[in-house]
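Below you'll find the structure, written out as structure tokens, and then a few comments.
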Amino acid sequence: MYAYTIPLSQTVPLQLAGELSKRIFFVSEDIESFELVEQMDGEAKAVSAVRVATRVPLDAAKMQHMLDRLVSDEIVPQRSVMAQPIWRSGYPATIRDDTFDSMLEQGMATQSGEGQFGFGEPFIALTSHLDSLFQAAAQRSFGALEQQYPSLIPTEVLARSGYLASFPQFLVFAGRLHGELDSYKDFVEQVSGPTAAEDAGATVSRAVADHSTHLGYTLSPAVCYHVYEQRAGKCLDADLVSVTARGRCFRHESRYHRSLERLWEFTMREVVFIGSDDHVTDARSSFMREVFAIVEELGLAGHAETASDPFFCNARTAEKIWTQRLMQLKYELILPVAGGRSVAAVSFNAHGSALGEAFSIRTPDGEIAHTGCVAFGLERFAYAFVCQHGLHPSGWPVSVRNSVAASQSRRGE
Ligand code: AMP
Ligand code: ZN
């Protein structure tokens with residue numbers, strides 16, 4: 001392991017240290033771990049350097065250049081706006097710190113790769129039950145139309161929505177081999193040749209890189225972009241259209257992957273609202289209250305507050321974060337989990353007319369439609385639930401226990 005202390009040309013005020021920490025692993029995947037170094041800067045403490053550990057020797061000057069750019073372009077220009085709490089559950093947090101380890105031991109979770117997990121019962125039934133509560137609330141309140149979408153989404157749709165230019169760090173593109181006989185033959189030779197066995201992983205990676213092509217598709221980082229794409233160029237037939245869908249989502253979170261808190265592949269239930277400004281604003285607010293009621297019915301501790309997205313490498317990162325926080329365009333439901341940490345389990349987002357414009361969606365009056373979405377991270381939510389209520393259904397609220405028992409007996413367990 002190599003260790004470097006990289007001085008920052010410009011210090012970072014402590015209130016922005018969290019924003020810096022969220023992005024350091026994205027600066028270079030060579031960084032295995034890091035620590036912020038604090039120093040007095042005038043009257044106040046500030047981050048003056050970043051201590052990084054790497055497995056390979058580093059070009060320290062290049063690293064300093066990249067960190068300096070991150071700090072000057074995306075961190076320091078952020079005007080710090082404190083998160084505003086908007087709701088708090090009446091339940092106190094009782095947390096079981098060994099939840100994740102116990103899930104692995106009991107085979108309730110099995111790791112199949114970086115940020116990738118398989119699940120067993122009763123976690124599967126719990127996740128389905130939670131999902132059905134959110135889906136039923138959306139159907140009851142807005143008559144939300146249930147839809148299913150593919151995991152792949154045209155990359156052009158993500159470009160159009162602004163996602164590509166705002167979150168390049170998360171993207172996982174779909175690729176395949178060049179569709180040509182010679183290319184296939186060459187590939188097969190490379191992966192089965194005499195040197196292939198020596199370092200199979202590296203050989204296959206090289207062969208894939210040499211023979212691959214981008215297909216124009218990306219593994220979806222969220223569900224709602226499918227919904228806007230489906231209505232592109234159309235006029236809505238009501239003042240408020242609501243669609244709900246559950247789908248697999250993919251975000252490469254680098255070394256921020258952690259337990260079930262931060263995954264590379266996860267499941268999202270989204271409830272999407274498209275319509276006039278007033279209707280979308282009201283729908284987001286009223287659905288938020290319904291979700292808070294569900295959280296209390298589930299006996300969970302948690303709170304909700306204003307939030308922002310982890311924009312990265314975007315010339316307007318600081319401005320976007322400021323606008324989101326100031327205009328309260330994003331709220332998050334935060335649930336405590338093991339280890340004294342907490343996770344954002346649900347986000348409530350307002351996009352104004354940005355996506356309506358990008359996808360040319362109009363209201364029945366001919367105005368550009370406004371959009372909003374509420375996104376539930378099902379593994380995160382279920383993980384917070386078992387951190388708080390334990391892994392055994394006997395400790396769960398009766399309604400959840402009964403629903404899980406019914407679904408297991410239907411499957412003959
Ligand atoms: P966002 O679109 O970033 O607001 O994400 C919506 C929800 O998806 C979050 O509130 C989380 O519950 C979930 N989520 C986002 N990223 C991840 C991740 N890397 N792993 C697990 N869940 C995630
Ligand atoms: Zn969304």
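Following the order of the structure tokens, chains are lettered A, B, ..., residues in each are numbered from 1, and ligands are numbered from 1.
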Please identify every residue of segment 149-174 of chain A that has at least one atom no farther than 9 Å from an atom of segment 355-364 of chain A, counting only C-alpha atoms, and for each give the shortest atom pair and the distance in Å to one decimal, arranged by chain then increasing number, as JSON lines.
{"residue": "A:Val157", "atom": "CA", "partner": "A:Phe359", "partner_atom": "CA", "distance": 8.9}
{"residue": "A:Arg160", "atom": "CA", "partner": "A:Ala358", "partner_atom": "CA", "distance": 6.2}
{"residue": "A:Ser161", "atom": "CA", "partner": "A:Ala358", "partner_atom": "CA", "distance": 6.2}
{"residue": "A:Gly162", "atom": "CA", "partner": "A:Ala358", "partner_atom": "CA", "distance": 8.6}
Got time to write the residues from that selection, all heavy atoms, as a short mmCIF file (atom, residue, chain, number, x, y, z; two decimals), in the first residue's frame?
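Saved the output as result.cif:
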data_model
loop_
_atom_site.label_atom_id
_atom_site.label_comp_id
_atom_site.auth_asym_id
_atom_site.auth_seq_id
_atom_site.Cartn_x
_atom_site.Cartn_y
_atom_site.Cartn_z
N VAL A 157 -31.71 8.75 -24.50
CA VAL A 157 -32.74 9.23 -23.55
C VAL A 157 -32.08 9.85 -22.32
O VAL A 157 -32.51 10.89 -21.81
CB VAL A 157 -33.70 8.07 -23.14
CG1 VAL A 157 -34.64 8.50 -22.02
CG2 VAL A 157 -34.49 7.60 -24.35
N ARG A 160 -30.69 13.19 -23.33
CA ARG A 160 -31.76 14.17 -23.47
C ARG A 160 -32.24 14.69 -22.11
O ARG A 160 -32.57 15.85 -21.94
CB ARG A 160 -32.92 13.45 -24.16
CG ARG A 160 -33.79 14.30 -24.97
CD ARG A 160 -34.66 13.42 -25.84
NE ARG A 160 -35.75 14.21 -26.36
CZ ARG A 160 -36.75 13.71 -27.05
NH1 ARG A 160 -36.80 12.42 -27.31
NH2 ARG A 160 -37.71 14.49 -27.49
N SER A 161 -32.26 13.80 -21.12
CA SER A 161 -32.77 14.19 -19.80
C SER A 161 -31.73 14.97 -19.00
O SER A 161 -32.05 15.50 -17.95
CB SER A 161 -33.15 12.93 -19.03
OG SER A 161 -31.97 12.22 -18.71
N GLY A 162 -30.49 14.98 -19.47
CA GLY A 162 -29.44 15.68 -18.72
C GLY A 162 -28.67 14.76 -17.79
O GLY A 162 -27.71 15.18 -17.15
#
Query - Residues within 12 Å of segment 399-407 of chain A, only C-alpha atoms, excluding chain neighbours under 5 positions, as an NGL selection string - result: :A and (121-133 or 294 or 297-299 or 382 or 385-386 or 389 or 391-394 or 412-413)
Query raised in the report: Mind listing the residues within 7 Å of ligand 2, only C-alpha atoms and all ligand atoms counted, as a ChimeraX atom specification?
Result: /A:222-225,270,272,373-375
May I have the selected residues written with all heavy atoms, as a tab-separated table (two decimals), in the first residue's frame?
chain	number	residue	atom	x	y	z
A	222	ALA	N	-32.29	4.81	-13.21
A	222	ALA	CA	-33.54	5.14	-12.53
A	222	ALA	C	-34.66	4.66	-13.44
A	222	ALA	O	-34.43	4.38	-14.62
A	222	ALA	CB	-33.66	6.64	-12.30
A	223	VAL	N	-35.87	4.57	-12.90
A	223	VAL	CA	-36.98	4.04	-13.70
A	223	VAL	C	-37.69	5.13	-14.49
A	223	VAL	O	-38.19	4.93	-15.58
A	223	VAL	CB	-37.98	3.31	-12.76
A	223	VAL	CG1	-39.18	2.78	-13.54
A	223	VAL	CG2	-37.28	2.16	-12.03
A	224	CYS	N	-37.72	6.35	-13.93
A	224	CYS	CA	-38.66	7.35	-14.46
A	224	CYS	C	-38.32	7.85	-15.87
A	224	CYS	O	-39.21	8.33	-16.56
A	224	CYS	CB	-38.79	8.51	-13.49
A	224	CYS	SG	-37.26	9.42	-13.18
A	225	TYR	N	-37.06	7.71	-16.31
A	225	TYR	CA	-36.73	8.21	-17.65
A	225	TYR	C	-37.51	7.47	-18.74
A	225	TYR	O	-37.84	8.02	-19.78
A	225	TYR	CB	-35.22	8.15	-17.90
A	225	TYR	CG	-34.48	9.02	-16.91
A	225	TYR	CD1	-33.72	8.47	-15.89
A	225	TYR	CD2	-34.61	10.40	-16.97
A	225	TYR	CE1	-33.09	9.26	-14.95
A	225	TYR	CE2	-33.98	11.22	-16.03
A	225	TYR	CZ	-33.23	10.64	-15.03
A	225	TYR	OH	-32.62	11.44	-14.10
A	270	GLU	N	-40.79	3.48	-8.52
A	270	GLU	CA	-40.99	4.92	-8.73
A	270	GLU	C	-42.46	5.22	-8.97
A	270	GLU	O	-43.18	4.43	-9.59
A	270	GLU	CB	-40.16	5.43	-9.92
A	270	GLU	CG	-38.70	5.62	-9.57
A	270	GLU	CD	-38.06	6.79	-10.31
A	270	GLU	OE1	-38.50	7.95	-10.11
A	270	GLU	OE2	-37.13	6.54	-11.08
A	272	VAL	N	-44.40	8.35	-10.70
A	272	VAL	CA	-44.07	9.52	-11.52
A	272	VAL	C	-45.32	10.36	-11.75
A	272	VAL	O	-46.41	9.80	-11.99
A	272	VAL	CB	-43.48	9.05	-12.88
A	272	VAL	CG1	-43.08	10.24	-13.74
A	272	VAL	CG2	-42.29	8.13	-12.66
A	373	CYS	N	-41.10	12.99	-9.37
A	373	CYS	CA	-41.10	11.55	-9.14
A	373	CYS	C	-40.75	11.27	-7.68
A	373	CYS	O	-40.08	12.06	-7.02
A	373	CYS	CB	-40.11	10.83	-10.07
A	373	CYS	SG	-38.39	11.18	-9.72
A	374	VAL	N	-41.28	10.14	-7.21
A	374	VAL	CA	-40.96	9.67	-5.86
A	374	VAL	C	-40.30	8.31	-6.04
A	374	VAL	O	-40.86	7.43	-6.68
A	374	VAL	CB	-42.25	9.57	-5.01
A	374	VAL	CG1	-41.93	8.97	-3.64
A	374	VAL	CG2	-42.88	10.95	-4.86
A	375	ALA	N	-39.08	8.18	-5.53
A	375	ALA	CA	-38.29	6.97	-5.80
A	375	ALA	C	-37.96	6.24	-4.49
A	375	ALA	O	-37.37	6.84	-3.59
A	375	ALA	CB	-37.01	7.35	-6.53
Query raised in the report: as an NGL selection string, which residues of segment 186-274 of chain A does DSSP assign to helix (DSSP H, G or I)?
Result: :A and (186-192 or 200-211 or 224-230 or 254-256)
Output the selection as a short mmCIF file (atom, residue, chain, number, x, y, z; two decimals), in the first residue's frame - N, CA, C and O atoms for each residue.
data_model
loop_
_atom_site.label_atom_id
_atom_site.label_comp_id
_atom_site.auth_asym_id
_atom_site.auth_seq_id
_atom_site.Cartn_x
_atom_site.Cartn_y
_atom_site.Cartn_z
N ASP A 186 -11.62 -13.81 -33.70
CA ASP A 186 -10.46 -13.23 -33.03
C ASP A 186 -10.66 -13.26 -31.50
O ASP A 186 -9.75 -13.60 -30.74
N PHE A 187 -11.87 -12.92 -31.08
CA PHE A 187 -12.21 -12.89 -29.66
C PHE A 187 -12.06 -14.29 -29.05
O PHE A 187 -11.43 -14.49 -28.01
N VAL A 188 -12.65 -15.28 -29.76
CA VAL A 188 -12.61 -16.66 -29.26
C VAL A 188 -11.17 -17.13 -29.12
O VAL A 188 -10.78 -17.76 -28.13
N GLU A 189 -10.37 -16.77 -30.12
CA GLU A 189 -8.95 -17.16 -30.08
C GLU A 189 -8.25 -16.55 -28.87
O GLU A 189 -7.52 -17.22 -28.15
N GLN A 190 -8.55 -15.28 -28.64
CA GLN A 190 -7.90 -14.57 -27.53
C GLN A 190 -8.27 -15.17 -26.18
O GLN A 190 -7.43 -15.32 -25.31
N VAL A 191 -9.57 -15.51 -26.00
CA VAL A 191 -9.99 -16.00 -24.67
C VAL A 191 -9.71 -17.49 -24.48
O VAL A 191 -9.82 -18.00 -23.37
N SER A 192 -9.37 -18.20 -25.57
CA SER A 192 -9.11 -19.62 -25.38
C SER A 192 -7.69 -20.01 -25.81
O SER A 192 -7.33 -21.17 -25.82
N ALA A 200 -6.62 -15.36 -16.60
CA ALA A 200 -7.90 -15.39 -17.31
C ALA A 200 -8.63 -14.05 -17.25
O ALA A 200 -9.12 -13.55 -18.27
N GLY A 201 -8.67 -13.44 -16.04
CA GLY A 201 -9.42 -12.19 -15.88
C GLY A 201 -8.91 -11.11 -16.80
O GLY A 201 -9.68 -10.49 -17.55
N ALA A 202 -7.58 -10.90 -16.78
CA ALA A 202 -6.98 -9.83 -17.58
C ALA A 202 -7.14 -10.12 -19.07
O ALA A 202 -7.42 -9.23 -19.87
N THR A 203 -6.98 -11.39 -19.44
CA THR A 203 -7.09 -11.75 -20.87
C THR A 203 -8.50 -11.47 -21.37
O THR A 203 -8.69 -10.89 -22.45
N VAL A 204 -9.49 -11.88 -20.58
CA VAL A 204 -10.87 -11.67 -21.02
C VAL A 204 -11.16 -10.16 -21.10
O VAL A 204 -11.75 -9.69 -22.07
N SER A 205 -10.70 -9.40 -20.08
CA SER A 205 -10.95 -7.94 -20.10
C SER A 205 -10.36 -7.32 -21.36
O SER A 205 -11.00 -6.50 -22.02
N ARG A 206 -9.13 -7.73 -21.70
CA ARG A 206 -8.47 -7.17 -22.89
C ARG A 206 -9.24 -7.55 -24.14
O ARG A 206 -9.50 -6.72 -25.01
N ALA A 207 -9.63 -8.82 -24.20
CA ALA A 207 -10.34 -9.29 -25.40
C ALA A 207 -11.67 -8.57 -25.55
O ALA A 207 -12.06 -8.18 -26.66
N VAL A 208 -12.38 -8.36 -24.44
CA VAL A 208 -13.67 -7.66 -24.51
C VAL A 208 -13.44 -6.22 -24.96
O VAL A 208 -14.12 -5.71 -25.86
N ALA A 209 -12.42 -5.55 -24.35
CA ALA A 209 -12.15 -4.15 -24.72
C ALA A 209 -11.78 -4.05 -26.19
O ALA A 209 -12.23 -3.15 -26.91
N ASP A 210 -10.97 -5.01 -26.68
CA ASP A 210 -10.52 -4.96 -28.08
C ASP A 210 -11.65 -5.17 -29.08
O ASP A 210 -11.56 -4.71 -30.21
N HIS A 211 -12.67 -5.90 -28.67
CA HIS A 211 -13.68 -6.30 -29.65
C HIS A 211 -15.06 -5.75 -29.38
O HIS A 211 -16.04 -6.17 -30.00
N CYS A 224 -37.72 6.35 -13.93
CA CYS A 224 -38.66 7.35 -14.46
C CYS A 224 -38.32 7.85 -15.87
O CYS A 224 -39.21 8.33 -16.56
N TYR A 225 -37.06 7.71 -16.31
CA TYR A 225 -36.73 8.21 -17.65
C TYR A 225 -37.51 7.47 -18.74
O TYR A 225 -37.84 8.02 -19.78
N HIS A 226 -37.83 6.20 -18.46
CA HIS A 226 -38.66 5.44 -19.41
C HIS A 226 -40.03 6.10 -19.56
O HIS A 226 -40.62 6.11 -20.63
N VAL A 227 -40.53 6.63 -18.44
CA VAL A 227 -41.89 7.19 -18.45
C VAL A 227 -41.95 8.45 -19.31
O VAL A 227 -42.88 8.65 -20.09
N TYR A 228 -40.91 9.30 -19.20
CA TYR A 228 -40.90 10.54 -20.00
C TYR A 228 -40.72 10.20 -21.48
O TYR A 228 -41.36 10.77 -22.35
N GLU A 229 -39.83 9.23 -21.73
CA GLU A 229 -39.53 8.83 -23.11
C GLU A 229 -40.81 8.31 -23.79
O GLU A 229 -41.08 8.63 -24.94
N GLN A 230 -41.60 7.54 -23.00
CA GLN A 230 -42.83 6.96 -23.54
C GLN A 230 -43.82 8.04 -23.99
O GLN A 230 -44.63 7.82 -24.87
N SER A 254 -18.47 3.18 -7.21
CA SER A 254 -17.04 3.07 -6.90
C SER A 254 -16.85 2.47 -5.50
O SER A 254 -17.55 1.56 -5.11
N ARG A 255 -15.90 3.00 -4.74
CA ARG A 255 -15.65 2.42 -3.41
C ARG A 255 -16.65 2.89 -2.37
O ARG A 255 -16.50 2.61 -1.19
N TYR A 256 -17.67 3.61 -2.78
CA TYR A 256 -18.72 3.98 -1.84
C TYR A 256 -19.72 2.83 -1.65
O TYR A 256 -20.59 2.92 -0.80
#
Requested in this report: Give the residue list for ligand 1 at 7 Å, counting only C-alpha atoms and all ligand atoms, as an MDAnalysis selection string, sorted by chain and then by residue number.
Outcome: chainID A and resid 222 251 253 257 260:266 268 309 332 344:347 375:381
How would the residues just picked look written out with N, CA and C atoms as a compact mmCIF listing (two decimals), in the first residue's frame?
# COMPACT_ATOMS: atom_id res chain seq x y z
N ALA A 222 -32.29 4.81 -13.21
CA ALA A 222 -33.54 5.14 -12.53
C ALA A 222 -34.66 4.66 -13.44
N ARG A 251 -26.07 1.79 -10.70
CA ARG A 251 -25.22 2.98 -10.52
C ARG A 251 -23.89 2.49 -9.98
N GLU A 253 -21.05 2.95 -7.94
CA GLU A 253 -20.77 3.90 -6.85
C GLU A 253 -19.32 3.77 -6.37
N HIS A 257 -19.60 1.77 -2.46
CA HIS A 257 -20.47 0.60 -2.25
C HIS A 257 -20.30 0.13 -0.82
N LEU A 260 -25.76 -3.28 2.32
CA LEU A 260 -26.94 -3.11 1.47
C LEU A 260 -27.30 -1.63 1.37
N GLU A 261 -26.44 -0.78 1.93
CA GLU A 261 -26.74 0.66 1.94
C GLU A 261 -26.51 1.28 0.57
N ARG A 262 -25.45 0.83 -0.10
CA ARG A 262 -25.11 1.44 -1.38
C ARG A 262 -24.70 0.33 -2.33
N LEU A 263 -25.53 0.11 -3.32
CA LEU A 263 -25.35 -1.04 -4.22
C LEU A 263 -25.04 -0.56 -5.63
N TRP A 264 -24.50 -1.48 -6.41
CA TRP A 264 -24.27 -1.20 -7.83
C TRP A 264 -25.58 -1.48 -8.59
N GLU A 265 -26.22 -2.58 -8.22
CA GLU A 265 -27.51 -2.94 -8.82
C GLU A 265 -28.55 -3.01 -7.72
N PHE A 266 -29.65 -2.31 -7.89
CA PHE A 266 -30.69 -2.31 -6.86
C PHE A 266 -32.07 -2.17 -7.50
N MET A 268 -35.76 -0.25 -7.69
CA MET A 268 -36.43 1.01 -7.38
C MET A 268 -37.91 0.90 -7.73
N ASP A 309 -28.73 16.22 -5.22
CA ASP A 309 -28.16 15.06 -5.92
C ASP A 309 -26.64 15.17 -5.99
N GLU A 332 -35.62 14.00 1.05
CA GLU A 332 -35.31 12.58 1.23
C GLU A 332 -35.84 12.10 2.56
N ALA A 344 -30.67 7.36 2.86
CA ALA A 344 -31.83 7.98 2.20
C ALA A 344 -32.58 6.84 1.54
N ALA A 345 -33.78 6.54 2.02
CA ALA A 345 -34.50 5.38 1.49
C ALA A 345 -35.50 5.77 0.41
N VAL A 346 -35.99 7.00 0.46
CA VAL A 346 -36.97 7.47 -0.54
C VAL A 346 -36.62 8.91 -0.90
N SER A 347 -36.74 9.25 -2.19
CA SER A 347 -36.57 10.66 -2.55
C SER A 347 -37.84 11.16 -3.23
N ALA A 375 -39.08 8.18 -5.53
CA ALA A 375 -38.29 6.97 -5.80
C ALA A 375 -37.96 6.24 -4.49
N PHE A 376 -38.38 4.98 -4.42
CA PHE A 376 -38.12 4.15 -3.25
C PHE A 376 -36.99 3.19 -3.57
N GLY A 377 -35.95 3.17 -2.75
CA GLY A 377 -34.90 2.16 -2.91
C GLY A 377 -35.30 0.96 -2.05
N LEU A 378 -35.76 -0.11 -2.71
CA LEU A 378 -36.40 -1.18 -1.94
C LEU A 378 -35.43 -1.94 -1.04
N GLU A 379 -34.21 -2.23 -1.53
CA GLU A 379 -33.25 -2.94 -0.67
C GLU A 379 -32.87 -2.07 0.52
N ARG A 380 -32.65 -0.78 0.26
CA ARG A 380 -32.28 0.13 1.35
C ARG A 380 -33.38 0.22 2.39
N PHE A 381 -34.61 0.36 1.90
CA PHE A 381 -35.74 0.50 2.83
C PHE A 381 -35.86 -0.77 3.66
**Report entry** Who sits within 12 Å of Ser48 of chain A, only C-alpha atoms, same chain under 2 positions skipped, as a PyMOL selection string
**Finding:** chain A and resi 5-14+17+20+35-41+44-46+50-51+64+67-68+71
Requested in this report: Quick one: pick out all strand (DSSP E or B) residues within segment 74-303 of chain A from a backbone DSSP run and write them as number ranges by chain.
Outcome: A: 85-88, 109-113, 116-119, 145-147, 152-154, 173-177, 212-219, 235, 240-250, 258, 262, 265-275, 303
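Among A:Lys185, A:Lys22, A:Lys62, A:Arg248, the residue with the shortest atom-to-atom distance to Ser151 of chain A, counting only C-alpha atoms, is A:Arg248.
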All residues 8 Å or closer to segment 168-180 of chain A, only C-alpha atoms, same chain fewer than 6 positions away omitted, as a short mmCIF file (atom, residue, chain, number, x, y, z; two decimals) with all heavy atoms, in the first residue's frame:
data_model
loop_
_atom_site.label_atom_id
_atom_site.label_comp_id
_atom_site.auth_asym_id
_atom_site.auth_seq_id
_atom_site.Cartn_x
_atom_site.Cartn_y
_atom_site.Cartn_z
N PHE A 26 -14.42 9.07 -6.74
CA PHE A 26 -14.68 9.25 -8.17
C PHE A 26 -13.54 10.00 -8.86
O PHE A 26 -13.47 10.01 -10.08
CB PHE A 26 -16.00 9.99 -8.40
CG PHE A 26 -17.22 9.21 -7.95
CD1 PHE A 26 -18.15 9.78 -7.10
CD2 PHE A 26 -17.43 7.91 -8.37
CE1 PHE A 26 -19.28 9.08 -6.69
CE2 PHE A 26 -18.55 7.19 -7.97
CZ PHE A 26 -19.48 7.77 -7.12
N LEU A 152 -32.54 -2.00 -19.78
CA LEU A 152 -31.74 -1.15 -20.68
C LEU A 152 -32.55 0.07 -21.10
O LEU A 152 -33.77 -0.02 -21.27
CB LEU A 152 -31.36 -1.93 -21.95
CG LEU A 152 -30.37 -3.08 -21.77
CD1 LEU A 152 -30.17 -3.80 -23.11
CD2 LEU A 152 -29.03 -2.59 -21.25
N VAL A 208 -12.38 -8.36 -24.44
CA VAL A 208 -13.67 -7.66 -24.51
C VAL A 208 -13.44 -6.22 -24.96
O VAL A 208 -14.12 -5.71 -25.86
CB VAL A 208 -14.40 -7.70 -23.14
CG1 VAL A 208 -15.63 -6.79 -23.17
CG2 VAL A 208 -14.82 -9.13 -22.79
N HIS A 211 -12.67 -5.90 -28.67
CA HIS A 211 -13.68 -6.30 -29.65
C HIS A 211 -15.06 -5.75 -29.38
O HIS A 211 -16.04 -6.17 -30.00
CB HIS A 211 -13.75 -7.84 -29.72
CG HIS A 211 -12.47 -8.46 -30.17
ND1 HIS A 211 -11.47 -8.79 -29.30
CD2 HIS A 211 -12.01 -8.74 -31.41
CE1 HIS A 211 -10.45 -9.29 -29.98
NE2 HIS A 211 -10.75 -9.27 -31.27
N SER A 212 -15.17 -4.82 -28.41
CA SER A 212 -16.51 -4.36 -28.04
C SER A 212 -16.91 -3.07 -28.73
O SER A 212 -16.09 -2.31 -29.20
CB SER A 212 -16.59 -4.12 -26.54
OG SER A 212 -16.72 -5.34 -25.91
N THR A 213 -18.22 -2.87 -28.66
CA THR A 213 -18.77 -1.66 -29.24
C THR A 213 -19.89 -1.18 -28.32
O THR A 213 -20.52 -1.98 -27.65
CB THR A 213 -19.30 -2.00 -30.66
OG1 THR A 213 -19.63 -0.83 -31.32
CG2 THR A 213 -20.48 -2.92 -30.63
N HIS A 214 -20.08 0.16 -28.27
CA HIS A 214 -21.20 0.66 -27.47
C HIS A 214 -22.47 0.49 -28.29
O HIS A 214 -22.51 0.83 -29.46
CB HIS A 214 -20.99 2.13 -27.10
CG HIS A 214 -22.18 2.71 -26.39
ND1 HIS A 214 -22.69 2.17 -25.23
CD2 HIS A 214 -22.98 3.76 -26.69
CE1 HIS A 214 -23.74 2.87 -24.85
NE2 HIS A 214 -23.94 3.83 -25.71
N LEU A 215 -23.50 -0.02 -27.66
CA LEU A 215 -24.71 -0.37 -28.40
C LEU A 215 -25.71 0.76 -28.52
O LEU A 215 -26.73 0.61 -29.17
CB LEU A 215 -25.44 -1.47 -27.62
CG LEU A 215 -24.79 -2.81 -27.57
CD1 LEU A 215 -25.57 -3.70 -26.64
CD2 LEU A 215 -24.79 -3.38 -28.96
N GLY A 216 -25.43 1.83 -27.77
CA GLY A 216 -26.46 2.88 -27.74
C GLY A 216 -27.43 2.63 -26.61
O GLY A 216 -28.50 3.26 -26.55
N TYR A 217 -27.10 1.72 -25.71
CA TYR A 217 -27.97 1.44 -24.56
C TYR A 217 -27.16 1.46 -23.28
O TYR A 217 -25.98 1.11 -23.27
CB TYR A 217 -28.67 0.08 -24.69
CG TYR A 217 -29.70 0.09 -25.77
CD1 TYR A 217 -29.35 -0.21 -27.08
CD2 TYR A 217 -31.01 0.44 -25.49
CE1 TYR A 217 -30.29 -0.17 -28.10
CE2 TYR A 217 -31.97 0.48 -26.49
CZ TYR A 217 -31.60 0.17 -27.79
OH TYR A 217 -32.53 0.23 -28.79
N THR A 218 -27.83 1.85 -22.21
CA THR A 218 -27.21 1.93 -20.90
C THR A 218 -28.11 1.19 -19.93
O THR A 218 -29.33 1.14 -20.13
CB THR A 218 -27.07 3.42 -20.50
OG1 THR A 218 -26.29 4.07 -21.51
CG2 THR A 218 -26.41 3.60 -19.16
N LEU A 219 -27.52 0.61 -18.89
CA LEU A 219 -28.34 -0.01 -17.85
C LEU A 219 -28.98 1.12 -17.05
O LEU A 219 -28.27 2.01 -16.56
CB LEU A 219 -27.46 -0.91 -16.96
CG LEU A 219 -27.01 -2.19 -17.67
CD1 LEU A 219 -25.79 -2.80 -16.98
CD2 LEU A 219 -28.13 -3.21 -17.73
N PRO A 221 -30.25 3.92 -14.75
CA PRO A 221 -29.89 4.36 -13.40
C PRO A 221 -31.12 4.74 -12.57
O PRO A 221 -31.02 4.99 -11.38
CB PRO A 221 -29.03 5.60 -13.67
CG PRO A 221 -29.53 6.12 -14.98
CD PRO A 221 -30.06 4.96 -15.77
N PHE A 250 -29.04 0.62 -11.97
CA PHE A 250 -27.60 0.38 -11.92
C PHE A 250 -26.87 1.70 -11.76
O PHE A 250 -27.05 2.62 -12.57
CB PHE A 250 -27.15 -0.30 -13.21
CG PHE A 250 -27.86 -1.61 -13.47
CD1 PHE A 250 -29.15 -1.61 -13.99
CD2 PHE A 250 -27.26 -2.82 -13.16
CE1 PHE A 250 -29.84 -2.81 -14.21
CE2 PHE A 250 -27.92 -4.01 -13.37
CZ PHE A 250 -29.22 -4.01 -13.90
N ARG A 251 -26.07 1.79 -10.70
CA ARG A 251 -25.22 2.98 -10.52
C ARG A 251 -23.89 2.49 -9.98
O ARG A 251 -23.86 1.85 -8.91
CB ARG A 251 -25.84 3.96 -9.51
CG ARG A 251 -27.15 4.55 -9.99
CD ARG A 251 -27.68 5.57 -9.02
NE ARG A 251 -29.03 5.98 -9.41
CZ ARG A 251 -29.78 6.83 -8.73
NH1 ARG A 251 -29.30 7.39 -7.63
NH2 ARG A 251 -30.97 7.14 -9.16
N HIS A 252 -22.82 2.77 -10.73
CA HIS A 252 -21.52 2.34 -10.21
C HIS A 252 -21.06 3.37 -9.18
O HIS A 252 -20.75 4.51 -9.53
CB HIS A 252 -20.49 2.20 -11.34
CG HIS A 252 -19.24 1.57 -10.82
ND1 HIS A 252 -18.08 2.27 -10.63
CD2 HIS A 252 -19.02 0.32 -10.37
CE1 HIS A 252 -17.18 1.46 -10.09
NE2 HIS A 252 -17.72 0.28 -9.92
N GLU A 253 -21.05 2.95 -7.94
CA GLU A 253 -20.77 3.90 -6.85
C GLU A 253 -19.32 3.77 -6.37
O GLU A 253 -19.00 4.14 -5.24
CB GLU A 253 -21.73 3.66 -5.68
CG GLU A 253 -23.19 3.79 -6.06
CD GLU A 253 -23.79 5.12 -5.66
OE1 GLU A 253 -23.03 6.02 -5.29
OE2 GLU A 253 -25.03 5.23 -5.74
N PHE A 312 -21.69 15.55 -10.56
CA PHE A 312 -20.24 15.37 -10.64
C PHE A 312 -19.76 15.72 -12.03
O PHE A 312 -20.41 15.36 -13.03
CB PHE A 312 -19.89 13.91 -10.31
CG PHE A 312 -18.42 13.63 -10.20
CD1 PHE A 312 -17.66 14.23 -9.19
CD2 PHE A 312 -17.78 12.79 -11.10
CE1 PHE A 312 -16.29 13.97 -9.09
CE2 PHE A 312 -16.42 12.53 -11.00
CZ PHE A 312 -15.68 13.12 -9.98
N CYS A 313 -18.64 16.44 -12.09
CA CYS A 313 -18.03 16.78 -13.37
C CYS A 313 -18.90 17.69 -14.22
O CYS A 313 -18.73 17.75 -15.43
CB CYS A 313 -17.76 15.52 -14.20
SG CYS A 313 -16.13 14.91 -13.95
#
Requested in this report: Take atom CA of Ser409 of chain A and atom CA of Gly390 of chain A and report the distance between them in Å, one decimal.
Outcome: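 Computed distance, atom CA of Ser409 of chain A to atom CA of Gly390 of chain A, equals 21.0 Å.
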Report task. Would you mind listing what lies within 12 Å of Ala304 of chain A as a list in words, with only C-alpha atoms counted and same-chain residues fewer than 3 positions away left out? Result ->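 Selected residues are Ala83, Gln84, Pro85, Ile86, Trp87, Arg88, Ser89, Met288, Arg289, Val291, Phe292, Val295, Ala301, Ala307, Gln328, Lys330, Tyr331, Glu332, Leu333, Ile334, Leu335, Pro336, Ser342, Val343, Ala344, Ala345, Val346, Ser347 and Phe348 of chain A.
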